[in-house]
>>> print(open('query.txt').read())   # compact mmCIF, C-alpha atoms
# COMPACT_ATOMS: atom_id res chain seq x y z
CA MET A 1 -2.81 15.67 -10.49
CA ASN A 2 -3.96 14.99 -6.93
CA LYS A 3 -3.59 11.66 -5.10
CA ARG A 4 -7.20 10.62 -5.63
CA VAL A 5 -6.97 11.03 -9.43
CA ALA A 6 -3.59 9.26 -9.45
CA ASN A 7 -5.04 6.32 -7.49
CA GLU A 8 -8.04 6.03 -9.80
CA ARG A 9 -5.78 5.99 -12.85
CA GLY A 10 -3.40 3.49 -11.28
CA LEU A 11 -0.48 5.90 -11.23
CA SER A 12 1.98 6.40 -8.42
CA LEU A 13 2.81 9.88 -7.25
CA PHE A 14 6.23 9.52 -8.84
CA GLY A 15 5.22 8.89 -12.44
CA GLN A 16 4.09 6.05 -14.62
CA SER A 17 2.55 2.90 -13.27
CA MET A 18 4.25 -0.48 -13.45
CA PRO A 19 2.75 -3.88 -12.69
CA PHE A 20 3.59 -4.95 -9.13
CA THR A 21 4.99 -8.30 -10.30
CA GLN A 22 7.33 -6.52 -12.71
CA ALA A 23 8.48 -3.99 -10.12
CA PHE A 24 9.05 -6.68 -7.46
CA PRO A 25 9.80 -9.99 -9.22
CA SER A 26 11.12 -11.57 -6.00
CA VAL A 27 7.64 -11.47 -4.40
CA GLU A 28 5.75 -14.71 -5.03
CA ILE A 29 2.82 -14.15 -2.67
CA LEU A 30 1.24 -10.94 -1.39
CA LYS A 31 -1.67 -11.02 1.02
CA THR A 32 -2.77 -7.74 2.54
CA THR A 33 -5.83 -6.82 4.56
CA VAL A 34 -6.52 -3.18 5.38
CA TRP A 35 -9.09 -2.18 8.00
CA ILE A 36 -10.38 1.38 7.64
CA ARG A 37 -12.10 3.26 10.45
CA PRO A 38 -13.44 6.59 9.05
CA HIS A 39 -14.53 7.84 12.48
CA GLY A 40 -11.30 7.06 14.30
CA ARG A 41 -9.28 4.32 15.96
CA THR A 42 -12.09 3.16 18.29
CA GLU A 43 -14.69 2.47 15.57
CA GLU A 44 -15.93 -1.09 16.13
CA ASN A 45 -16.94 -2.20 12.62
CA PRO A 46 -14.18 -1.15 10.23
CA GLN A 47 -14.37 -1.38 6.47
CA GLU A 48 -12.14 -4.14 5.14
CA ARG A 49 -10.18 -4.29 1.88
CA HIS A 50 -8.15 -7.23 0.60
CA PHE A 51 -5.22 -7.16 -1.81
CA ASP A 52 -3.05 -9.79 -3.49
CA LEU A 53 -0.67 -10.09 -6.46
CA ARG A 54 -3.53 -9.95 -8.96
CA ARG A 55 -4.93 -6.85 -7.25
CA PRO A 56 -2.11 -5.20 -5.27
CA PRO A 57 -2.65 -2.03 -3.27
CA GLY A 58 -1.70 1.22 -4.94
CA GLU A 59 0.68 3.77 -3.54
CA TYR A 60 -2.11 5.10 -1.31
CA ILE A 61 -5.23 3.64 0.27
CA SER A 62 -7.92 6.26 -0.38
CA CYS A 63 -9.80 7.78 2.52
CA PRO A 64 -13.51 6.90 2.34
CA ASN A 65 -14.54 9.86 4.53
CA SER A 66 -16.64 12.13 2.28
CA GLU A 67 -15.65 15.18 4.34
CA CYS A 68 -11.94 14.53 3.82
CA THR A 69 -9.97 16.60 1.33
CA ASN A 70 -7.24 14.84 -0.66
CA GLY A 71 -6.69 12.22 2.03
CA GLY A 72 -5.35 8.71 2.17
CA TRP A 73 -2.66 6.58 3.73
CA CYS A 74 0.63 5.70 2.05
CA ILE A 75 1.05 1.92 2.10
CA GLY A 76 3.51 1.87 -0.81
CA ASP A 77 6.48 3.01 1.30
CA ILE A 78 5.77 0.30 3.88
CA ILE A 79 5.63 -2.48 1.28
CA ARG A 80 8.81 -1.25 -0.46
CA GLN A 81 10.62 -1.20 2.90
CA MET A 82 9.44 -4.74 3.67
CA ILE A 83 10.61 -6.02 0.28
CA ALA A 84 14.00 -4.28 0.60
CA THR A 85 14.63 -6.13 3.88
CA ARG A 86 12.77 -9.33 2.83
CA GLU A 87 10.41 -8.92 5.78
CA GLU A 88 7.57 -11.43 5.63
CA HIS A 89 4.94 -10.12 8.04
CA ARG A 90 3.96 -6.76 9.44
CA LEU A 91 0.96 -5.35 11.30
CA VAL A 92 1.00 -1.57 10.95
CA ASP A 93 -1.25 1.38 11.85
CA GLY A 94 -1.56 4.76 10.24
CA VAL A 95 -3.75 7.83 10.00
CA CYS A 96 -5.17 9.71 7.06
CA ASN A 97 -3.04 12.59 5.83
CA GLY A 98 -6.09 14.57 4.65
CA ARG A 99 -7.94 17.47 6.19
CA ARG A 100 -11.64 18.04 6.76
CA ARG A 101 -13.40 21.38 6.90
CA THR A 102 -14.98 22.25 10.26
CA ASN A 103 -16.29 25.67 9.14
CA VAL A 104 -15.71 28.12 6.30
CA SER A 105 -12.09 28.87 7.15
CA GLU A 106 -10.98 26.12 9.54
CA PHE A 107 -9.67 22.63 8.81
CA ARG A 108 -8.81 19.74 11.12
CA ALA A 109 -6.96 16.50 10.60
CA CYS A 110 -9.13 13.72 9.20
CA PRO A 111 -9.91 11.13 11.92
CA THR A 112 -9.72 8.12 9.59
CA HIS A 113 -7.50 5.36 10.98
CA PHE A 114 -5.94 2.54 8.95
CA THR A 115 -4.60 -0.83 10.11
CA ALA A 116 -2.92 -3.22 7.69
CA GLU A 117 -1.70 -6.77 7.98
CA ILE A 118 0.80 -7.47 5.23
CA ASP A 119 2.17 -10.93 4.40
CA LEU A 120 4.84 -11.47 1.75
CA GLU A 121 6.55 -14.60 0.50
CA TYR A 122 9.60 -14.44 -1.71
CA SER A 123 11.09 -16.63 -4.39
CA PRO A 124 14.22 -18.42 -3.21
CA GLU A 125 17.35 -16.42 -3.74
CA THR A 126 19.36 -17.92 -6.52
CA THR A 127 23.05 -18.23 -6.09
CA ASP A 128 25.53 -19.36 -8.66
CA ASP A 129 26.96 -22.45 -6.96
CA THR A 130 28.07 -24.06 -10.16
CA THR A 131 31.69 -25.10 -10.30
CA LEU A 132 33.63 -25.76 -13.40
CA PRO A 133 34.94 -29.29 -13.88
CA ASP A 134 38.59 -29.89 -13.10
CA PRO A 135 40.82 -29.69 -16.16
CA ILE A 136 42.13 -33.02 -17.36
>>> encode(input="query.txt", output="structure tokens")
Amino acid sequence: MNKRVANERGLSLFGQSMPFTQAFPSVEILKTTVWIRPHGRTEENPQERHFDLRRPPGEYISCPNSECTNGGWCIGDIIRQMIATREEHRLVDGVCNGRRRTNVSEFRACPTHFTAEIDLEYSPETTDDTTLPDPI
């Protein structure tokens, strides 16, 4: 199964899907905006996609470039890293990992550029501060 099919079915590349809130119960708020520039970093009017806990991003953000073969940008690794370190804000750039055909036998890297602003808020860490009463 290629990445595009996996994204459409809601699967990760590593197996079965799991609701984001179940996989990361410590995350209370997720706000993510992804700007996509199919013609490269300097494109002035990027496409914009918004994600939250009800509609979290998948493992990959699909490449909208119709000439791109099996492309996208992995945002899942970035979000997992942020959650592991309880990072609250990150602005990150990336490029499509797909290829586009330039002629019958030649391919070039897809020029699509991604920028994401990711904001996370976490539930307070619970600690067991209870003390037992002194014995009488």
>>> atom_distance(input="query.txt", atom1="CA of Tyr60 in chain A", atom2="CA of Val104 in chain A")
27.8 Å
>>> atom_distance(input="query.txt", atom1="CA of Cys63 in chain A", atom2="CA of Gly98 in chain A")
8.0 Å
>>> closest_residue(input="query.txt", among="A:Ile78, A:Val27, A:Met18, A:Val34", to="Ile61 in chain A", atoms="all atoms listed in the file")
A:Val34
>>> atom_distance(input="query.txt", atom1="CA of Glu67 in chain A", atom2="CA of His50 in chain A")
23.9 Å
>>> residues_around(input="query.txt", residues="Ala23 in chain A", least_positions_apart="4", cutoff="12 Å", atoms="only C-alpha atoms", output="list in words")
Gln16, Ser17, Met18, Pro19, Val27, Leu53, Pro56, Ile79, Arg80 and Ile83 of chain A
>>> axis_aligned_box(input="query.txt", around="range 99-115 of chain A", padding_each_side="8 Å", output="JSON")
{"center_x": -10.4, "center_y": 14.0, "center_z": 9.1, "size_x": 27.7, "size_y": 45.7, "size_z": 21.7}
>>> residues_near_point(input="query.txt", point="(7.3, -15.3, -4.6)", cutoff="7 Å", atoms="all atoms listed in the file", output="MDAnalysis selection string")
chainID A and resid 26:29 121:123
>>> residues_around(input="query.txt", residues="Glu48 in chain A", least_positions_apart="4", cutoff="7 Å", atoms="all atoms listed in the file", output="ChimeraX atom specification")
/A:33-36
>>> closest_residue(input="query.txt", among="A:Arg41, A:Arg100, A:Arg90, A:Lys31", to="Thr112 in chain A", atoms="all atoms listed in the file")
A:Arg41
>>> closest_residue(input="query.txt", among="A:Ile118, A:Pro38, A:Gln22, A:Thr32", to="Gln81 in chain A", atoms="all atoms listed in the file")
A:Ile118
>>> residues_around(input="query.txt", residues="His113 in chain A", least_positions_apart="5", cutoff="10 Å", atoms="all atoms listed in the file", output="PyMOL selection string")
chain A and resi 35-43+46+63+72-73+93-97
>>> closest_residue(input="query.txt", among="A:Glu44, A:Gly71, A:Met82, A:Arg54", to="Leu120 in chain A", atoms="only C-alpha atoms")
A:Met82
>>> closest_residue(input="query.txt", among="A:Pro57, A:Asn45, A:Asp119, A:Phe107", to="His89 in chain A", atoms="all atoms listed in the file")
A:Asp119
>>> closest_residue(input="query.txt", among="A:Phe24, A:Arg86, A:Arg101, A:Phe114", to="Thr69 in chain A", atoms="only C-alpha atoms")
A:Arg101
